[in-house]
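One file, target_25.txt, is given below (compact mmCIF, C-alpha atoms and all ligand atoms).
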# COMPACT_ATOMS: atom_id res chain seq x y z
CA MET A 1 14.21 20.93 -13.61
CA ARG A 2 10.97 21.67 -11.82
CA GLU A 3 9.03 24.85 -11.43
CA LYS A 4 6.26 25.51 -9.00
CA LEU A 5 2.88 26.86 -9.97
CA GLY A 6 1.28 27.62 -6.61
CA GLN A 7 1.57 24.29 -4.82
CA ARG A 8 1.62 22.24 -8.04
CA LYS A 9 4.84 21.04 -9.59
CA ILE A 10 5.29 21.08 -13.31
CA LYS A 11 6.98 17.97 -14.62
CA TYR A 12 8.55 17.73 -18.05
CA GLN A 13 8.03 14.72 -20.28
CA ALA A 14 11.68 13.70 -20.00
CA GLU A 15 11.17 13.20 -16.24
CA LEU A 16 8.30 10.78 -16.71
CA ASP A 17 8.61 7.01 -16.85
CA MET A 18 6.55 6.12 -19.88
CA ASN A 19 7.02 2.37 -19.25
CA PHE A 20 5.29 2.58 -15.88
CA GLY A 21 1.73 2.47 -17.27
CA ARG A 22 2.60 -0.48 -19.51
CA GLU A 23 4.29 -2.33 -16.66
CA ILE A 24 1.29 -1.87 -14.36
CA SER A 25 -1.20 -2.75 -17.10
CA GLU A 26 0.57 -6.09 -17.52
CA LYS A 27 -0.03 -6.94 -13.85
CA TYR A 28 -3.20 -8.53 -12.54
CA GLY A 29 -5.79 -5.80 -12.17
CA GLY A 30 -4.18 -3.36 -14.56
CA GLU A 31 -5.42 -4.96 -17.79
CA ASN A 32 -8.06 -2.30 -18.55
CA LEU A 33 -6.04 0.63 -17.27
CA HIS A 34 -5.89 2.36 -20.64
CA GLN A 35 -9.66 2.20 -21.08
CA CYS A 36 -10.31 4.57 -18.17
CA ILE A 37 -12.66 7.38 -19.28
CA GLN A 38 -11.86 9.56 -16.24
CA CYS A 39 -15.49 9.60 -15.16
CA GLY A 40 -14.52 9.94 -11.49
CA THR A 41 -16.96 7.31 -10.23
CA CYS A 42 -14.14 5.58 -8.33
CA SER A 43 -13.21 8.79 -6.48
CA ALA A 44 -16.85 9.59 -5.72
CA THR A 45 -17.54 6.19 -4.23
CA CYS A 46 -14.25 5.84 -2.34
CA PRO A 47 -14.76 6.32 1.43
CA MET A 48 -11.09 7.24 1.86
CA SER A 49 -10.63 9.69 -1.02
CA LEU A 50 -11.17 12.63 1.34
CA TYR A 51 -7.90 11.76 3.09
CA MET A 52 -5.91 10.79 0.01
CA ASP A 53 -3.29 13.00 -1.60
CA TYR A 54 -4.45 11.83 -5.05
CA THR A 55 -7.93 10.42 -5.66
CA PRO A 56 -8.20 6.99 -7.34
CA ARG A 57 -9.21 8.68 -10.64
CA ARG A 58 -6.11 10.85 -10.59
CA LEU A 59 -3.90 7.93 -9.68
CA VAL A 60 -5.13 5.99 -12.72
CA ALA A 61 -4.48 8.99 -14.98
CA MET A 62 -1.03 9.58 -13.48
CA THR A 63 -0.11 5.93 -13.92
CA ARG A 64 -0.99 6.00 -17.61
CA GLU A 65 1.00 9.19 -18.12
CA GLY A 66 4.14 7.89 -16.39
CA PHE A 67 4.09 9.74 -13.06
CA LYS A 68 5.76 6.79 -11.39
CA ASP A 69 7.43 8.67 -8.52
CA GLU A 70 4.27 10.48 -7.51
CA VAL A 71 2.16 7.33 -7.63
CA LEU A 72 4.56 5.10 -5.70
CA LYS A 73 5.34 7.74 -3.08
CA SER A 74 1.72 8.71 -2.54
CA PHE A 75 -0.17 8.13 0.70
CA THR A 76 -3.21 7.16 -1.34
CA ILE A 77 -2.06 3.62 -1.97
CA TRP A 78 -1.53 3.03 1.76
CA LEU A 79 -4.82 4.63 2.75
CA CYS A 80 -6.86 2.38 0.47
CA ALA A 81 -9.04 0.26 2.73
CA SER A 82 -9.55 -2.49 0.09
CA CYS A 83 -13.31 -2.06 0.27
CA TYR A 84 -13.69 -2.79 -3.49
CA SER A 85 -16.34 -0.09 -3.89
CA CYS A 86 -14.42 1.54 -6.77
CA THR A 87 -13.89 -1.80 -8.50
CA VAL A 88 -17.57 -2.70 -8.30
CA ASP A 89 -18.73 0.70 -9.63
CA CYS A 90 -16.16 1.32 -12.37
CA PRO A 91 -18.01 1.35 -15.75
CA LYS A 92 -14.85 0.09 -17.48
CA GLU A 93 -14.35 -2.79 -15.04
CA ILE A 94 -10.93 -1.58 -14.02
CA LYS A 95 -9.80 -3.47 -10.94
CA ILE A 96 -8.67 -0.42 -9.02
CA THR A 97 -8.29 -2.26 -5.71
CA GLN A 98 -5.91 -4.71 -7.37
CA LEU A 99 -4.05 -1.77 -8.86
CA MET A 100 -3.54 -0.41 -5.34
CA TYR A 101 -2.00 -3.74 -4.34
CA ALA A 102 0.27 -3.64 -7.38
CA PHE A 103 1.42 -0.11 -6.44
CA LYS A 104 2.08 -1.13 -2.82
CA GLN A 105 4.07 -4.16 -3.90
CA LYS A 106 6.17 -2.05 -6.29
CA ALA A 107 6.70 0.70 -3.72
CA ILE A 108 8.03 -1.83 -1.20
CA GLU A 109 10.20 -3.53 -3.86
CA GLU A 110 11.74 -0.18 -4.80
CA GLY A 111 11.94 1.07 -1.20
CA VAL A 112 10.04 4.27 -2.01
CA TYR A 113 7.14 3.99 0.41
CA PRO A 114 6.77 6.77 3.05
CA LYS A 115 9.30 5.47 5.58
CA ARG A 116 7.61 6.56 8.79
CA PHE A 117 4.04 5.91 7.69
CA ALA A 118 2.57 3.11 9.80
CA THR A 119 0.75 1.11 7.11
CA PRO A 120 3.70 0.15 4.86
CA VAL A 121 5.93 -0.43 7.90
CA LEU A 122 3.27 -2.68 9.42
CA ALA A 123 2.89 -4.60 6.13
CA ARG A 124 6.65 -5.11 5.85
CA GLU A 125 7.09 -6.15 9.50
CA PHE A 126 4.13 -8.54 9.24
CA PHE A 127 5.69 -10.22 6.22
CA LYS A 128 9.07 -10.44 8.01
CA ASN A 129 7.41 -12.18 10.98
CA VAL A 130 5.66 -14.66 8.72
CA ARG A 131 8.95 -15.35 6.92
CA ARG A 132 10.74 -16.08 10.19
CA TRP A 133 8.10 -17.96 12.16
CA GLY A 134 5.28 -18.77 9.76
CA ARG A 135 2.92 -16.50 11.69
CA SER A 136 2.82 -13.05 13.17
CA ASN A 137 3.45 -12.22 16.80
CA GLU A 138 1.32 -9.17 17.69
CA GLY A 139 3.58 -7.93 20.50
CA ILE A 140 6.75 -7.96 18.41
CA LEU A 141 4.90 -6.63 15.39
CA LEU A 142 3.58 -3.60 17.28
CA MET A 143 6.86 -2.95 19.06
CA ASN A 144 8.79 -2.90 15.76
CA MET A 145 6.13 -0.78 14.09
CA PHE A 146 6.26 1.90 16.79
CA LEU A 147 10.07 1.83 16.95
CA LYS A 148 10.26 2.40 13.19
CA THR A 149 7.51 5.00 12.91
CA ASN A 150 7.10 6.90 16.16
CA PRO A 151 9.03 5.57 19.21
CA PHE A 152 7.22 8.04 21.51
CA LYS A 153 3.99 6.22 20.80
CA LEU A 154 5.56 3.09 22.23
CA PHE A 155 5.77 4.85 25.61
CA LYS A 156 2.25 6.21 25.25
CA GLN A 157 0.87 2.76 24.48
CA SER A 158 2.98 0.92 27.05
CA PHE A 159 0.25 0.98 29.73
CA LEU A 160 -2.24 -0.59 27.33
CA GLY A 161 0.45 -3.09 26.26
CA MET A 162 1.05 -4.12 29.88
CA LYS A 163 -2.68 -4.62 30.41
CA LEU A 164 -2.91 -6.80 27.31
CA LEU A 165 0.14 -8.78 28.42
CA TRP A 166 -1.33 -9.22 31.89
CA LYS A 167 -4.62 -10.50 30.45
CA GLY A 168 -2.77 -12.85 28.09
CA ARG A 169 -4.14 -11.03 25.01
CA MET A 170 -0.72 -10.16 23.61
CA PRO A 171 1.80 -12.95 24.19
CA LEU A 172 5.47 -12.19 23.69
CA LYS A 173 6.37 -15.86 23.40
CA ILE A 174 7.29 -16.65 19.82
CA GLU A 175 5.61 -19.68 18.33
CA LYS A 176 6.92 -21.12 15.11
CA ILE A 177 4.71 -23.23 12.86
CA LYS A 178 5.76 -26.76 11.98
CA GLY A 179 5.52 -26.56 8.20
CA MET A 180 8.09 -23.81 7.53
CA ASN A 181 9.64 -25.81 4.66
CA GLU A 182 6.28 -26.01 2.91
CA LEU A 183 5.51 -22.35 3.55
CA LYS A 184 8.81 -20.98 2.19
CA PRO A 185 8.11 -21.67 -1.53
CA ILE A 186 4.67 -20.09 -1.16
CA LEU A 187 6.17 -16.90 0.30
CA ASP A 188 8.89 -16.90 -2.38
CA ALA A 189 6.17 -17.05 -5.04
CA VAL A 190 4.26 -14.17 -3.39
CA GLU A 191 7.39 -12.01 -3.42
CA LYS A 192 8.06 -12.58 -7.15
S1 LIG A 201 -14.44 4.68 -12.31
FE1 LIG A 201 -13.15 3.54 -13.74
S2 LIG A 201 -13.40 4.64 -15.71
FE2 LIG A 201 -14.14 6.01 -14.08
S3 LIG A 201 -12.34 7.26 -13.53
FE3 LIG A 201 -12.37 5.51 -12.12
S4 LIG A 201 -11.05 4.00 -13.12
FE4 LIG A 201 -11.58 5.49 -14.68
S1 LIG A 202 -10.83 -0.13 -2.64
FE1 LIG A 202 -9.51 1.52 -1.92
S2 LIG A 202 -9.51 3.02 -3.59
FE2 LIG A 202 -11.23 1.65 -3.94
S3 LIG A 202 -12.98 2.65 -2.99
FE3 LIG A 202 -12.14 1.27 -1.45
S4 LIG A 202 -10.69 2.51 -0.27
FE4 LIG A 202 -11.14 3.62 -2.17
Could you write out this file's structure as structure tokens?
Ligand code: SF4
Ligand code: SF4
Amino acid sequence: MREKLGQRKIKYQAELDMNFGREISEKYGGENLHQCIQCGTCSATCPMSLYMDYTPRRLVAMTREGFKDEVLKSFTIWLCASCYSCTVDCPKEIKITQLMYAFKQKAIEEGVYPKRFATPVLAREFFKNVRRWGRSNEGILLMNMFLKTNPFKLFKQSFLGMKLLWKGRMPLKIEKIKGMNELKPILDAVEK
């Protein structure tokens, strides 16, 4: 059961997933997770932390303490711009950017990403395109992204889309690569 303290939710230990920190620390990038000293350098240097629901420092702490739901459902992991600033500055050499990738991968695997948030939808649709054709088709990618996030935006952007089509900058013709058989095992390995 949860109680609210202002806007903050109190979570009891029984609701936490204490294996989450271990699981993430076994992935590439999470090796030094438990050595974090909570200095906050990562949050201070992050250009996106202003817009994040949890700063990188908090995300690291929450991961160690088993706040799996909060971490995987956060917007933070999708707002990370992969600039590597936090990774370069961390005094404990924690690969925070890689951690963000690990969280994103897990959130997609478990289907807990924010469903109408453009970034995860775009990532998933991009991967689907590459699986089907070996490359991405920008027109279809954008159409599917808008349909699955905000269909009204599709209408708003239609004029720009027509202009791009007219200028040949956004082809709708689907081109499939030749080496699909060679690509498939690579994509299978990425998904594991
Ligand atoms: S910079 Fe590194 S040690 Fe400092 S809070 Fe961030 S992850 Fe932890
Ligand atoms: S890699 Fe992501 S979390 Fe790290 S500083 Fe850049 S935007 Fe922030």
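Taking all atoms listed in the file into account, every polymer residue with at least one atom at most 6 Å away from ligand LIG 202 (chain A) is listed here: A:Thr45, A:Cys46, A:Pro47, A:Met48, A:Pro56, A:Cys80, A:Ala81, A:Ser82, A:Cys83, A:Tyr84, A:Ser85, A:Cys86, A:Thr97.
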Export C-alpha atoms of the chosen residues as an mmCIF file, in the frame of the given file?
data_model
loop_
_atom_site.group_PDB
_atom_site.id
_atom_site.type_symbol
_atom_site.label_atom_id
_atom_site.label_comp_id
_atom_site.auth_asym_id
_atom_site.auth_seq_id
_atom_site.Cartn_x
_atom_site.Cartn_y
_atom_site.Cartn_z
ATOM 1 C CA THR A 45 -17.540 6.190 -4.230
ATOM 2 C CA CYS A 46 -14.250 5.840 -2.340
ATOM 3 C CA PRO A 47 -14.760 6.320 1.430
ATOM 4 C CA MET A 48 -11.090 7.240 1.860
ATOM 5 C CA PRO A 56 -8.200 6.990 -7.340
ATOM 6 C CA CYS A 80 -6.860 2.380 0.470
ATOM 7 C CA ALA A 81 -9.040 0.260 2.730
ATOM 8 C CA SER A 82 -9.550 -2.490 0.090
ATOM 9 C CA CYS A 83 -13.310 -2.060 0.270
ATOM 10 C CA TYR A 84 -13.690 -2.790 -3.490
ATOM 11 C CA SER A 85 -16.340 -0.090 -3.890
ATOM 12 C CA CYS A 86 -14.420 1.540 -6.770
ATOM 13 C CA THR A 97 -8.290 -2.260 -5.710
#
Practice problem: May I ask for the distance between atom S4 of ligand LIG 201 (chain A) and CA of Cys36 (chain A), given in Å to one decimal place? | Solution: 5.1 Å
Self-check item: Contacts of region 138-152 of chain A at 10 Å (all atoms listed in the file; same-chain gap of 6+ positions) as a list in words
Solution: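 Counting all atoms listed in the file, the residues come to Lys115, Arg116, Phe117, Ala118, Thr119, Pro120, Val121, Leu122, Ala123, Arg124, Glu125, Phe126, Phe127, Lys128, Asn129, Ser158, Gly161, Leu164, Leu165, Arg169, Met170, Pro171, Leu172, Lys173 and Ile174 of chain A.
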Quiz item: With distances taken over all atoms listed in the file, which of A:Lys167, A:Glu109, A:Glu15, A:Arg58 is nearest to ligand LIG 201 (chain A)?
Solution: A:Arg58
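The residue that comes closest to Pro114 (chain A), out of A:Val190, A:Leu183, A:Cys39, A:Leu79 and on the basis of only C-alpha atoms, is A:Leu79.
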Six-sided padding of 4 Å per side, axis-aligned box over ligand LIG 201 (chain A), centre and edges in Å, one decimal, as AutoDock Vina command-line options:
--center_x -12.7 --center_y 5.4 --center_z -13.9 --size_x 11.4 --size_y 11.7 --size_z 11.6
Quiz item: Suppose you want the space between CA of Lys27 (chain A) and CA of Thr41 (chain A); what is it in Å?
Solution: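 Spanning CA of Lys27 (chain A) to CA of Thr41 (chain A) is a straight-line distance of 22.4 Å.
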Block slice region 54-80 of chain A, N, CA and C atoms, emitted as an mmCIF file, in the first residue's frame:
data_model
loop_
_atom_site.group_PDB
_atom_site.id
_atom_site.type_symbol
_atom_site.label_atom_id
_atom_site.label_comp_id
_atom_site.auth_asym_id
_atom_site.auth_seq_id
_atom_site.Cartn_x
_atom_site.Cartn_y
_atom_site.Cartn_z
ATOM 1 N N TYR A 54 13.789 12.301 -12.931
ATOM 2 C CA TYR A 54 14.801 11.951 -11.928
ATOM 3 C C TYR A 54 16.167 12.270 -12.529
ATOM 4 N N THR A 55 17.021 12.930 -11.775
ATOM 5 C CA THR A 55 18.356 13.243 -12.302
ATOM 6 C C THR A 55 19.158 11.939 -12.411
ATOM 7 N N PRO A 56 20.248 11.950 -13.186
ATOM 8 C CA PRO A 56 21.074 10.732 -13.289
ATOM 9 C C PRO A 56 21.536 10.220 -11.911
ATOM 10 N N ARG A 57 21.917 11.130 -11.018
ATOM 11 C CA ARG A 57 22.356 10.685 -9.669
ATOM 12 C C ARG A 57 21.260 9.918 -8.952
ATOM 13 N N ARG A 58 20.042 10.462 -9.031
ATOM 14 C CA ARG A 58 18.918 9.793 -8.356
ATOM 15 C C ARG A 58 18.611 8.444 -8.999
ATOM 16 N N LEU A 59 18.734 8.410 -10.318
ATOM 17 C CA LEU A 59 18.433 7.164 -11.026
ATOM 18 C C LEU A 59 19.390 6.044 -10.601
ATOM 19 N N VAL A 60 20.659 6.422 -10.427
ATOM 20 C CA VAL A 60 21.656 5.437 -9.980
ATOM 21 C C VAL A 60 21.284 4.936 -8.573
ATOM 22 N N ALA A 61 20.947 5.868 -7.689
ATOM 23 C CA ALA A 61 20.581 5.491 -6.318
ATOM 24 C C ALA A 61 19.334 4.616 -6.309
ATOM 25 N N MET A 62 18.341 4.987 -7.112
ATOM 26 C CA MET A 62 17.091 4.228 -7.152
ATOM 27 C C MET A 62 17.307 2.827 -7.711
ATOM 28 N N THR A 63 18.219 2.716 -8.671
ATOM 29 C CA THR A 63 18.508 1.401 -9.250
ATOM 30 C C THR A 63 19.095 0.482 -8.188
ATOM 31 N N ARG A 64 20.063 1.006 -7.445
ATOM 32 C CA ARG A 64 20.704 0.197 -6.402
ATOM 33 C C ARG A 64 19.702 -0.251 -5.339
ATOM 34 N N GLU A 65 18.745 0.619 -5.059
ATOM 35 C CA GLU A 65 17.794 0.325 -3.979
ATOM 36 C C GLU A 65 16.565 -0.437 -4.455
ATOM 37 N N GLY A 66 16.504 -0.776 -5.735
ATOM 38 C CA GLY A 66 15.426 -1.646 -6.215
ATOM 39 C C GLY A 66 14.156 -0.948 -6.685
ATOM 40 N N PHE A 67 14.241 0.338 -6.999
ATOM 41 C CA PHE A 67 13.056 1.052 -7.499
ATOM 42 C C PHE A 67 12.885 0.811 -8.995
ATOM 43 N N LYS A 68 12.692 -0.446 -9.331
ATOM 44 C CA LYS A 68 12.656 -0.846 -10.745
ATOM 45 C C LYS A 68 11.554 -0.145 -11.533
ATOM 46 N N ASP A 69 10.350 -0.143 -11.014
ATOM 47 C CA ASP A 69 9.208 0.475 -11.713
ATOM 48 C C ASP A 69 9.477 1.931 -12.045
ATOM 49 N N GLU A 70 9.916 2.666 -11.026
ATOM 50 C CA GLU A 70 10.145 4.103 -11.199
ATOM 51 C C GLU A 70 11.235 4.358 -12.242
ATOM 52 N N VAL A 71 12.291 3.558 -12.189
ATOM 53 C CA VAL A 71 13.401 3.763 -13.124
ATOM 54 C C VAL A 71 12.949 3.460 -14.556
ATOM 55 N N LEU A 72 12.331 2.295 -14.739
ATOM 56 C CA LEU A 72 11.971 1.887 -16.109
ATOM 57 C C LEU A 72 10.841 2.718 -16.694
ATOM 58 N N LYS A 73 9.993 3.279 -15.839
ATOM 59 C CA LYS A 73 8.887 4.092 -16.364
ATOM 60 C C LYS A 73 9.231 5.580 -16.430
ATOM 61 N N SER A 74 10.460 5.914 -16.074
ATOM 62 C CA SER A 74 10.809 7.343 -16.034
ATOM 63 C C SER A 74 11.022 7.912 -17.433
ATOM 64 N N PHE A 75 10.836 9.228 -17.540
ATOM 65 C CA PHE A 75 11.106 9.921 -18.807
ATOM 66 C C PHE A 75 12.610 10.147 -18.968
ATOM 67 N N THR A 76 13.292 10.165 -17.819
ATOM 68 C CA THR A 76 14.732 10.440 -17.824
ATOM 69 C C THR A 76 15.473 9.600 -18.853
ATOM 70 N N ILE A 77 15.209 8.308 -18.859
ATOM 71 C CA ILE A 77 16.008 7.417 -19.713
ATOM 72 C C ILE A 77 15.785 7.722 -21.197
ATOM 73 N N TRP A 78 14.617 8.273 -21.519
ATOM 74 C CA TRP A 78 14.318 8.607 -22.920
ATOM 75 C C TRP A 78 14.754 10.020 -23.271
ATOM 76 N N LEU A 79 15.011 10.830 -22.259
ATOM 77 C CA LEU A 79 15.479 12.192 -22.525
ATOM 78 C C LEU A 79 16.994 12.265 -22.630
ATOM 79 N N CYS A 80 17.669 11.234 -22.168
ATOM 80 C CA CYS A 80 19.140 11.214 -22.233
ATOM 81 C C CYS A 80 19.563 11.385 -23.685
#
